[in-house]
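Printed here is upload_1.pdb (PDB, C-alpha atoms):
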```
ATOM      1  CA  MET A  59     180.109 105.361  67.745
ATOM      2  CA  THR A  60     178.340 103.068  70.199
ATOM      3  CA  CYS A  61     176.073 100.150  69.525
ATOM      4  CA  PRO A  62     172.516 101.067  70.622
ATOM      5  CA  THR A  63     171.916  97.580  72.057
ATOM      6  CA  LEU A  64     174.688  98.078  74.614
ATOM      7  CA  LYS A  65     173.124 101.245  76.060
ATOM      8  CA  ILE A  66     171.237 100.739  79.302
ATOM      9  CA  SER A  67     167.876 102.329  79.975
ATOM     10  CA  ASN A  68     167.351 105.295  82.269
ATOM     11  CA  GLU A  69     165.560 103.039  84.752
ATOM     12  CA  MET A  70     168.570 100.736  84.922
ATOM     13  CA  ARG A  71     170.868 103.730  85.334
ATOM     14  CA  LEU A  72     168.837 104.862  88.336
ATOM     15  CA  TRP A  73     168.874 101.302  89.714
ATOM     16  CA  PHE A  74     172.700 101.457  89.743
ATOM     17  CA  ILE A  75     172.594 104.210  92.385
ATOM     18  CA  GLY A  76     171.864 101.756  95.232
ATOM     19  CA  PRO A  77     174.782  99.356  94.649
ATOM     20  CA  ILE A  78     177.113 102.252  93.824
ATOM     21  CA  ILE A  79     176.340 103.966  97.134
ATOM     22  CA  MET A  80     176.682 100.682  99.068
ATOM     23  CA  LEU A  81     180.055  99.857  97.489
ATOM     24  CA  TRP A  82     181.555 103.311  97.984
ATOM     25  CA  MET A  83     180.176 103.600 101.545
ATOM     26  CA  GLY A  84     181.760 100.242 102.374
ATOM     27  CA  ILE A  85     185.067 101.361 100.878
ATOM     28  CA  TYR A  86     184.884 104.666 102.753
ATOM     29  CA  LEU A  87     183.997 103.075 106.097
ATOM     30  CA  THR A  88     186.709 100.440 105.742
ATOM     31  CA  GLY A  89     189.302 102.958 104.638
ATOM     32  CA  PHE A  90     190.525 103.681 101.146
ATOM     33  CA  ASP A  91     194.032 102.503 102.009
ATOM     34  CA  LEU A  92     192.856  99.243 103.635
ATOM     35  CA  VAL A  93     190.486  97.981 100.917
ATOM     36  CA  HIS A  94     191.901  95.475  98.452
ATOM     37  CA  TRP A  95     192.364  96.939  94.962
ATOM     38  CA  LEU A  96     190.019  94.349  93.426
ATOM     39  CA  ILE A  97     186.922  95.922  95.035
ATOM     40  CA  TYR A  98     187.563  99.107  93.059
ATOM     41  CA  ILE A  99     186.925  97.328  89.712
ATOM     42  CA  PRO A 100     183.145  96.771  90.152
ATOM     43  CA  SER A 101     182.859 100.135  91.905
ATOM     44  CA  VAL A 102     184.413 102.025  89.002
ATOM     45  CA  PHE A 103     182.483  99.976  86.401
ATOM     46  CA  ALA A 104     179.204 100.772  88.194
ATOM     47  CA  VAL A 105     179.931 104.500  88.246
ATOM     48  CA  PHE A 106     180.989 104.330  84.578
ATOM     49  CA  ALA A 107     177.715 102.568  83.665
ATOM     50  CA  PHE A 108     175.672 105.129  85.586
ATOM     51  CA  VAL A 109     177.392 108.150  84.067
ATOM     52  CA  THR A 110     177.709 106.993  80.443
ATOM     53  CA  GLY A 111     174.823 104.564  80.113
ATOM     54  CA  LEU A 112     177.165 101.870  78.782
ATOM     55  CA  CYS A 113     177.394  98.784  80.940
ATOM     56  CA  PRO A 114     180.823  97.097  80.750
ATOM     57  CA  GLY A 115     179.415  93.873  82.215
ATOM     58  CA  MET A 116     176.817  93.580  79.458
ATOM     59  CA  PHE A 117     179.507  94.253  76.858
ATOM     60  CA  LEU A 118     181.813  91.538  78.239
ATOM     61  CA  ILE A 119     179.079  88.920  78.556
ATOM     62  CA  ARG A 120     177.702  89.560  75.072
ATOM     63  CA  ASN A 121     181.188  89.234  73.573
ATOM     64  CA  MET A 122     181.838  85.991  75.499
ATOM     65  CA  LEU A 123     178.567  84.447  74.294
ATOM     66  CA  LYS A 124     179.217  85.168  70.614
TER      67      LYS A 124
END
```
Would you write out, as structure tokens, the structure that this file holds?
Amino acid sequence: MTCPTLKISNEMRLWFIGPIIMLWMGIYLTGFDLVHWLIYIPSVFAVFAFVTGLCPGMFLIRNMLK
């Protein structure tokens, strides 16, 4: 069961499309084998947030501020 305050709105989900495309295009143009593994973390989190509606960044920040 998820907490409803951690769900992102549909507008925010659509806003994630721009950065997701930019990140993955940059990875593709650089070469999947040449890109440092650290760049995949925000890329995967952004796709996860878009698909599920749960933003890992919001979850981490809210837990750190408690």
Inset, instruction - Rank nothing, just name the residue among A:Ala104, A:Leu118, A:Ile99, A:Val93 nearest to Pro77 in chain A, using all atoms listed in the file. - result: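 Residue with the minimum atom-to-atom distance to Pro77 in chain A: A:Ala104.
The shortest atom-to-atom distance to Cys113 in chain A, with all atoms listed in the file taken into account, belongs to A:Phe74 out of A:Met83, A:Phe74, A:Leu92, A:Ile97.
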Residue contacts of Gly115 in chain A (10 Å, only C-alpha atoms) excluding same-chain residues fewer than 4 positions away, as a PDB file with C-alpha atoms, in the frame of the given file:
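For reference, result.pdb as written:
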```pdb
ATOM      1  CA  LEU A  64     174.688  98.078  74.614  1.00  0.00           C
ATOM      2  CA  PRO A 100     183.145  96.771  90.152  1.00  0.00           C
ATOM      3  CA  PHE A 103     182.483  99.976  86.401  1.00  0.00           C
ATOM      4  CA  ALA A 104     179.204 100.772  88.194  1.00  0.00           C
ATOM      5  CA  ALA A 107     177.715 102.568  83.665  1.00  0.00           C
ATOM      6  CA  ILE A 119     179.079  88.920  78.556  1.00  0.00           C
ATOM      7  CA  ARG A 120     177.702  89.560  75.072  1.00  0.00           C
ATOM      8  CA  ASN A 121     181.188  89.234  73.573  1.00  0.00           C
TER       9      ASN A 121
END
```
Inset, instruction - Between CA of Ser101 in chain A and CA of Ser67 in chain A, measure the distance and give it in Å to one decimal. - result: 19.3 Å
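Take CA of Trp95 in chain A and CA of Met116 in chain A: the distance between them is 22.2 Å.
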Quick one: everything within 7 Å of range 109-111 of chain A, counting only C-alpha atoms, minus sequence neighbours fewer than 5 positions away in the same chain. Send it as an mmCIF file with C-alpha atoms, keeping the file's coordinate frame.
```cif
data_model
loop_
_atom_site.group_PDB
_atom_site.id
_atom_site.type_symbol
_atom_site.label_atom_id
_atom_site.label_comp_id
_atom_site.auth_asym_id
_atom_site.auth_seq_id
_atom_site.Cartn_x
_atom_site.Cartn_y
_atom_site.Cartn_z
ATOM 1 C CA LYS A 65 173.124 101.245 76.060
ATOM 2 C CA ILE A 66 171.237 100.739 79.302
ATOM 3 C CA ARG A 71 170.868 103.730 85.334
#
```
Please define a box with edges along x, y and z of the file around all atoms of range 73-88 of chain A given in the file, extend it by 3 Å on each side, and return its centre and edge lengths in Å to one decimal, as JSON.
```
{"center_x": 177.8, "center_y": 102.0, "center_z": 97.9, "size_x": 23.8, "size_y": 11.3, "size_z": 22.4}
```
Inset, instruction - Pick out the residues sitting within 12 Å of His94 in chain A, and hand them over as a ChimeraX atom specification; count all atoms listed in the file, and ignore anything fewer than 6 positions along from it in its own chain. - result: /A:84-85,88
Give me, as an mmCIF file with C-alpha atoms, in the coordinates of the input, all polymer residues having an atom no more than 10 Å from Val102 in chain A, counting only C-alpha atoms and skipping those fewer than 6 positions away in the same chain.
```
data_model
loop_
_atom_site.group_PDB
_atom_site.id
_atom_site.type_symbol
_atom_site.label_atom_id
_atom_site.label_comp_id
_atom_site.auth_asym_id
_atom_site.auth_seq_id
_atom_site.Cartn_x
_atom_site.Cartn_y
_atom_site.Cartn_z
ATOM 1 C CA ILE A 78 177.113 102.252 93.824
ATOM 2 C CA LEU A 81 180.055 99.857 97.489
ATOM 3 C CA TRP A 82 181.555 103.311 97.984
ATOM 4 C CA PHE A 108 175.672 105.129 85.586
#
```
Legend entry - CA of Val105 in chain A to CA of Asp91 in chain A, distance in Å rounded to a single decimal: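 Pair CA of Val105 in chain A / CA of Asp91 in chain A returns 19.8 Å.
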